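Below is query-v1.txt, holding compact mmCIF, C-alpha atoms.
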# COMPACT_ATOMS: atom_id res chain seq x y z
CA MET X 1 -46.13 -2.94 82.71
CA SER X 2 -46.52 -3.49 78.98
CA LEU X 3 -44.87 -1.50 76.23
CA SER X 4 -48.35 -0.62 74.90
CA PHE X 5 -49.26 1.09 78.18
CA LEU X 6 -45.97 2.96 78.16
CA ARG X 7 -46.59 4.04 74.58
CA LEU X 8 -50.02 5.41 75.58
CA VAL X 9 -48.40 7.41 78.36
CA CYS X 10 -45.87 8.83 75.89
CA MET X 11 -48.61 9.72 73.39
CA ALA X 12 -50.56 11.50 76.13
CA MET X 13 -47.48 13.59 76.81
CA ILE X 14 -47.30 14.58 73.14
CA SER X 15 -50.84 15.91 73.04
CA ALA X 16 -50.82 18.65 75.67
CA THR X 17 -47.42 19.74 76.91
CA LEU X 18 -47.12 22.70 74.52
CA GLY X 19 -47.94 25.92 76.29
CA ALA X 20 -47.86 24.40 79.76
CA CYS X 21 -46.28 26.67 82.31
CA SER X 22 -43.89 25.33 84.88
CA THR X 23 -44.23 25.46 88.62
CA LEU X 24 -40.65 26.74 88.50
CA GLY X 25 -41.90 29.81 86.63
CA LYS X 26 -40.20 31.94 84.01
CA ASP X 27 -38.53 34.55 86.21
CA GLU X 28 -34.85 35.48 86.19
CA SER X 29 -34.10 33.27 89.22
CA THR X 30 -34.99 30.11 87.27
CA GLU X 31 -33.48 31.00 83.89
CA VAL X 32 -30.08 29.66 82.86
CA ASP X 33 -27.57 32.30 81.76
CA CYS X 34 -26.37 30.62 78.54
CA GLY X 35 -23.65 33.27 78.22
CA ALA X 36 -22.02 32.19 81.48
CA ILE X 37 -18.80 30.22 81.17
CA GLN X 38 -20.09 27.31 83.29
CA SER X 39 -23.37 26.90 81.40
CA SER X 40 -24.23 24.27 78.80
CA CYS X 41 -26.90 25.30 76.30
CA HIS X 42 -27.41 23.43 73.04
CA HIS X 43 -30.05 21.87 70.83
CA GLY X 44 -30.21 19.06 68.35
CA ARG X 45 -32.04 16.01 67.12
CA PHE X 46 -32.62 12.71 68.85
CA GLY X 47 -34.02 9.30 68.05
CA LEU X 48 -34.97 6.42 70.30
CA ILE X 49 -35.64 3.01 68.76
CA TRP X 50 -36.34 -0.07 70.84
CA LYS X 51 -37.87 -3.52 70.78
CA VAL X 52 -39.03 -5.74 73.60
CA GLU X 53 -39.47 -9.50 73.44
CA GLN X 54 -42.42 -10.56 75.60
CA ALA X 55 -42.40 -13.77 77.63
CA ASP X 56 -44.67 -15.38 75.01
CA GLY X 57 -42.13 -14.61 72.25
CA LYS X 58 -44.13 -11.72 70.79
CA ILE X 59 -41.97 -8.75 69.74
CA GLU X 60 -43.12 -5.19 70.37
CA ALA X 61 -41.14 -2.37 68.80
CA ASP X 62 -41.49 1.37 68.52
CA SER X 63 -39.56 4.58 68.08
CA ILE X 64 -39.64 8.26 68.98
CA SER X 65 -37.70 10.97 67.19
CA GLY X 66 -37.55 14.70 67.27
CA THR X 67 -35.59 17.58 68.69
CA TYR X 68 -34.19 18.44 72.09
CA GLU X 69 -33.18 21.67 73.79
CA TRP X 70 -30.87 21.57 76.82
CA ARG X 71 -29.95 24.42 79.18
CA SER X 72 -27.98 23.99 82.39
CA GLY X 73 -25.92 26.17 84.69
CA ARG X 74 -26.74 28.84 87.26
CA SER X 75 -28.93 31.92 87.09
CA GLY X 76 -26.49 34.13 88.94
CA PRO X 77 -23.67 33.95 91.49
CA SER X 78 -21.92 30.71 92.38
CA GLN X 79 -24.18 30.18 95.40
CA ALA X 80 -27.33 30.20 93.21
CA PRO X 81 -28.90 26.74 92.77
CA GLU X 82 -27.96 24.70 89.73
CA ILE X 83 -30.62 24.79 87.04
CA ALA X 84 -31.21 22.35 84.18
CA TYR X 85 -33.97 22.19 81.60
CA LEU X 86 -34.66 19.59 78.90
CA GLU X 87 -37.45 20.07 76.35
CA VAL X 88 -38.13 17.16 73.99
CA ASN X 89 -40.30 17.69 70.88
CA SER X 90 -41.55 15.21 68.31
CA THR X 91 -40.47 15.39 64.68
CA LEU X 92 -43.80 17.04 63.86
CA GLY X 93 -43.30 19.73 66.50
CA PRO X 94 -45.55 18.90 69.48
CA SER X 95 -43.75 18.63 72.79
CA LEU X 96 -43.08 15.15 74.14
CA GLY X 97 -42.43 16.64 77.56
CA SER X 98 -40.10 18.72 79.62
CA ALA X 99 -37.93 17.97 82.60
CA LYS X 100 -36.46 20.55 84.96
CA ARG X 101 -34.09 20.71 87.86
CA LEU X 102 -33.74 23.62 90.26
CA GLY X 103 -31.23 22.69 92.95
CA GLU X 104 -32.56 19.45 94.44
CA PHE X 105 -36.07 19.97 92.99
CA TYR X 106 -36.92 17.88 89.89
CA GLU X 107 -40.14 17.98 87.88
CA VAL X 108 -41.73 16.70 84.68
CA ARG X 109 -44.66 18.46 83.07
CA ALA X 110 -47.00 15.86 81.54
CA ALA X 111 -49.13 16.42 78.45
CA ASP X 112 -52.31 16.44 80.48
CA GLY X 113 -51.01 19.31 82.61
CA ARG X 114 -50.06 17.20 85.60
CA VAL X 115 -46.75 17.90 87.26
CA TYR X 116 -44.67 15.03 88.53
CA LEU X 117 -42.00 15.61 91.14
CA ALA X 118 -39.04 13.31 91.50
CA LYS X 119 -35.88 12.89 93.54
CA ASN X 120 -33.44 12.59 90.60
CA TRP X 121 -32.99 12.55 86.82
CA GLN X 122 -33.61 8.81 86.56
CA SER X 123 -37.08 9.15 88.07
CA LEU X 124 -37.86 11.99 85.64
CA PHE X 125 -36.66 10.06 82.59
CA ASP X 126 -38.73 7.06 83.71
CA LEU X 127 -41.80 9.35 83.55
CA MET X 128 -40.87 10.85 80.15
CA PHE X 129 -39.71 7.85 78.13
CA PRO X 130 -41.32 4.43 77.56
CA VAL X 131 -38.09 2.48 78.20
CA GLU X 132 -35.59 2.82 81.04
CA LEU X 133 -32.69 5.01 79.93
CA PRO X 134 -29.37 5.71 81.73
CA ALA X 135 -30.44 9.20 82.82
CA GLU X 136 -27.33 10.21 84.76
CA ALA X 137 -24.99 9.39 81.85
CA LEU X 138 -27.25 11.16 79.35
CA VAL X 139 -27.48 14.25 81.57
CA GLN X 140 -23.68 14.25 81.98
CA TRP X 141 -23.39 14.15 78.17
CA MET X 142 -25.91 17.01 77.85
CA GLU X 143 -23.85 19.07 80.30
CA ASN X 144 -20.65 18.31 78.36
CA PRO X 145 -21.16 16.85 74.85
CA ASN X 146 -17.42 16.30 74.42
CA PRO X 147 -16.40 13.35 72.20
CA ASP X 148 -13.23 12.85 74.28
CA GLU X 149 -15.07 12.69 77.63
CA LEU X 150 -18.09 10.44 77.13
CA PRO X 151 -19.77 9.48 80.43
CA THR X 152 -19.64 5.95 81.73
CA LEU X 153 -22.71 3.91 80.83
CA PRO X 154 -24.21 0.94 82.69
CA ALA X 155 -23.41 -2.61 81.61
CA ASN X 156 -24.99 -3.60 78.28
CA TRP X 157 -24.85 0.02 77.03
CA ALA X 158 -22.16 1.50 74.76
CA TRP X 159 -21.29 4.83 73.11
CA GLU X 160 -20.55 5.24 69.40
CA ASN X 161 -19.41 8.55 67.89
CA ASN X 162 -19.31 9.20 64.18
CA ASN X 163 -18.25 12.79 63.35
CA GLY X 164 -20.31 14.43 66.12
CA ARG X 165 -23.27 12.06 65.77
CA TYR X 166 -23.58 10.10 68.97
CA ARG X 167 -25.28 6.75 69.34
CA VAL X 168 -25.93 4.83 72.53
CA VAL X 169 -26.73 1.18 71.83
CA PHE X 170 -28.22 -1.12 74.41
CA VAL X 171 -29.19 -4.74 74.95
CA GLU X 172 -30.59 -5.39 78.39
CA ASN X 173 -32.66 -8.41 79.38
CA ASN X 174 -35.42 -8.59 76.74
CA THR X 175 -35.03 -5.00 75.48
CA SER X 176 -32.67 -3.71 72.79
CA GLY X 177 -32.33 -0.54 70.80
CA ARG X 178 -30.44 2.68 70.38
CA ILE X 179 -30.50 6.39 71.16
CA ASP X 180 -29.20 8.79 68.51
CA LEU X 181 -28.07 12.28 69.60
CA ILE X 182 -27.07 14.84 67.00
CA PRO X 183 -26.13 18.24 68.45
CA ARG X 184 -26.99 21.12 66.08
CA GLY X 185 -25.59 24.12 67.89
CA ALA X 186 -25.36 26.35 70.92
CA LEU X 187 -28.27 28.27 72.39
CA ARG X 188 -27.99 31.84 73.57
CA LYS X 189 -30.22 33.64 76.02

Take the structure in the file and give it back as structure tokens.
Amino acid sequence: MSLSFLRLVCMAMISATLGACSTLGKDESTEVDCGAIQSSCHHGRFGLIWKVEQADGKIEADSISGTYEWRSGRSGPSQAPEIAYLEVNSTLGPSLGSAKRLGEFYEVRAADGRVYLAKNWQSLFDLMFPVELPAEALVQWMENPNPDELPTLPANWAWENNNGRYRVVFVENNTSGRIDLIPRGALRK
């Protein structure tokens, strides 16, 4: 699958996700209580820059930047299912997509209104982003953006932290790049 095709998929997501309603709904049972002690609710900026060297030596490169909003926790008592929500917007405002988890149910809402279901975060991230990202480590960081407890990354990936500005650099096979994560503050319900 070429980077150009993946870029087209990402651009399609940009065009129509705003205003899409989720199959999870907007009722109290699927809303994270950001005031709860076990919740993690924050927002910030992100950037993703990558380049791919094709077999013929041609280099393709691209980037995405914008804002993110993360909410995770439970909607009620400890037996309530875990909920997580990630909204990613471009620098200009349009949504790049959203990913949700309700218990063991994962979904991505695409720009064209289609809903994709997946079995885990990695499958969702593969639908949302044009390069393969270490989803589990990034979700662990979203749940706990603590500079002293950075999640373990796969081989060829490394964390950098400069005064609360996080960077994940990667070189894997013929792909290299970085992810910048800059938390801006907590969210409240």

Query - Atom-to-atom span, CA of Leu150 (chain X) and CA of Glu136 (chain X), Å - result: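 According to the coordinates, CA of Leu150 (chain X) and CA of Glu136 (chain X) are separated by 12.0 Å.
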
Report task. Pull the neighbourhood of (-23.5, 26.0, 80.7) for me: all residues within 10 Å in file coordinates, counting all atoms listed in the file, as number ranges by chain. Result -> X: 32-42, 70-74, 83-84, 142-144, 186-187

Query raised in the report: CA of Val168 (chain X) and CA of Leu102 (chain X) are how many Å apart?
Result: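 These atoms are spaced 27.0 Å apart.
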
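Shortest separation to Trp50 (chain X) among X:Ser90, X:Asn162, X:Ser63, X:Gln140 occurs at residue X:Ser63, atoms counted being all atoms listed in the file.
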
Requested in this report: Quick one: pull the distance between CA of Gly47 (chain X) and CA of Tyr68 (chain X), Å, one decimal.
Outcome: 10.0 Å

Query raised in the report: Pick the closest to Leu48 (chain X) from X:Ile179, X:Leu117, X:Ala61, X:Leu92: which is it, counting only C-alpha atoms?
Result: X:Ile179

**Report entry** Lys51 (chain X) environment, 6 Å, all atoms listed in the file, sequence neighbours closer than 4 positions dropped, as an MDAnalysis selection string
**Finding:** chainID X and resid 60:61 175:176

Requested in this report: Tell me which protein, DNA and RNA residues are within 9 Å of Thr91 (chain X), counting only C-alpha atoms, leaving out same-chain ones fewer than 2 positions away, and put them as a VMD selection string.
Outcome: chain X and resid 45 64 to 67 89 93 to 94

For Val108 (chain X): contacts at 7 Å, all atoms listed in the file, fewer than 2 positions along chain excluded, given as an mmCIF file with C-alpha atoms, keeping the file's coordinate frame:
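And here's result.cif as it stands now:
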data_model
loop_
_atom_site.group_PDB
_atom_site.id
_atom_site.type_symbol
_atom_site.label_atom_id
_atom_site.label_comp_id
_atom_site.auth_asym_id
_atom_site.auth_seq_id
_atom_site.Cartn_x
_atom_site.Cartn_y
_atom_site.Cartn_z
ATOM 1 C CA SER X 98 -40.100 18.720 79.620
ATOM 2 C CA ALA X 99 -37.930 17.970 82.600
ATOM 3 C CA LYS X 100 -36.460 20.550 84.960
ATOM 4 C CA ALA X 110 -47.000 15.860 81.540
ATOM 5 C CA VAL X 115 -46.750 17.900 87.260
ATOM 6 C CA TYR X 116 -44.670 15.030 88.530
ATOM 7 C CA LEU X 117 -42.000 15.610 91.140
ATOM 8 C CA LEU X 124 -37.860 11.990 85.640
#

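Using all atoms listed in the file, the smallest distance between any of X:Glu31, X:Val88, X:Pro154, X:Leu127 and Ser75 (chain X) comes from X:Glu31.
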
**Report entry** Selected residue, from X:Glu82, X:Leu153, X:Glu172, X:Arg165, that lies nearest to Arg184 (chain X) when counting only C-alpha atoms
**Finding:** X:Arg165

Kindly write N, CA, C and O atoms of region 141-155 of chain X from the structure just given to a file, as a tab-separated table (two decimals), in the first residue's frame.
chain	number	residue	atom	x	y	z
X	141	TRP	N	0.55	6.53	27.40
X	141	TRP	CA	0.99	7.89	27.69
X	141	TRP	C	-0.21	8.82	27.85
X	141	TRP	O	-0.24	9.65	28.76
X	142	MET	N	-1.22	8.68	26.99
X	142	MET	CA	-2.42	9.51	27.10
X	142	MET	C	-3.09	9.30	28.46
X	142	MET	O	-3.57	10.26	29.08
X	143	GLU	N	-3.13	8.07	28.92
X	143	GLU	CA	-3.75	7.77	30.21
X	143	GLU	C	-2.93	8.31	31.37
X	143	GLU	O	-3.48	8.60	32.43
X	144	ASN	N	-1.62	8.45	31.17
X	144	ASN	CA	-0.75	8.92	32.25
X	144	ASN	C	0.44	9.67	31.64
X	144	ASN	O	1.53	9.11	31.52
X	145	PRO	N	0.26	10.94	31.23
X	145	PRO	CA	1.37	11.69	30.63
X	145	PRO	C	2.37	12.17	31.69
X	145	PRO	O	2.54	13.36	31.93
X	146	ASN	N	3.02	11.21	32.32
X	146	ASN	CA	3.96	11.48	33.40
X	146	ASN	C	5.38	11.35	32.87
X	146	ASN	O	5.77	10.29	32.38
X	147	PRO	N	6.20	12.41	32.95
X	147	PRO	CA	7.56	12.35	32.41
X	147	PRO	C	8.45	11.31	33.09
X	147	PRO	O	9.45	10.89	32.51
X	148	ASP	N	8.08	10.88	34.30
X	148	ASP	CA	8.89	9.89	35.01
X	148	ASP	C	8.44	8.46	34.77
X	148	ASP	O	9.07	7.52	35.25
X	149	GLU	N	7.33	8.27	34.03
X	149	GLU	CA	6.80	6.93	33.77
X	149	GLU	C	6.41	6.79	32.31
X	149	GLU	O	5.27	6.47	31.98
X	150	LEU	N	7.35	7.01	31.40
X	150	LEU	CA	7.06	6.91	29.98
X	150	LEU	C	6.93	5.44	29.58
X	150	LEU	O	7.75	4.61	29.97
X	151	PRO	N	5.89	5.09	28.82
X	151	PRO	CA	5.67	3.69	28.43
X	151	PRO	C	6.79	3.16	27.55
X	151	PRO	O	7.46	3.91	26.83
X	152	THR	N	6.95	1.87	27.61
X	152	THR	CA	7.95	1.19	26.78
X	152	THR	C	7.50	1.22	25.33
X	152	THR	O	6.35	0.94	25.02
X	153	LEU	N	8.43	1.57	24.45
X	153	LEU	CA	8.17	1.63	23.02
X	153	LEU	C	8.78	0.42	22.32
X	153	LEU	O	9.74	-0.18	22.84
X	154	PRO	N	8.30	0.07	21.13
X	154	PRO	CA	8.92	-1.01	20.37
X	154	PRO	C	10.35	-0.64	19.96
X	154	PRO	O	10.75	0.52	20.03
X	155	ALA	N	11.09	-1.64	19.51
X	155	ALA	CA	12.44	-1.39	18.99
X	155	ALA	C	12.38	-0.34	17.90
X	155	ALA	O	11.38	-0.22	17.19
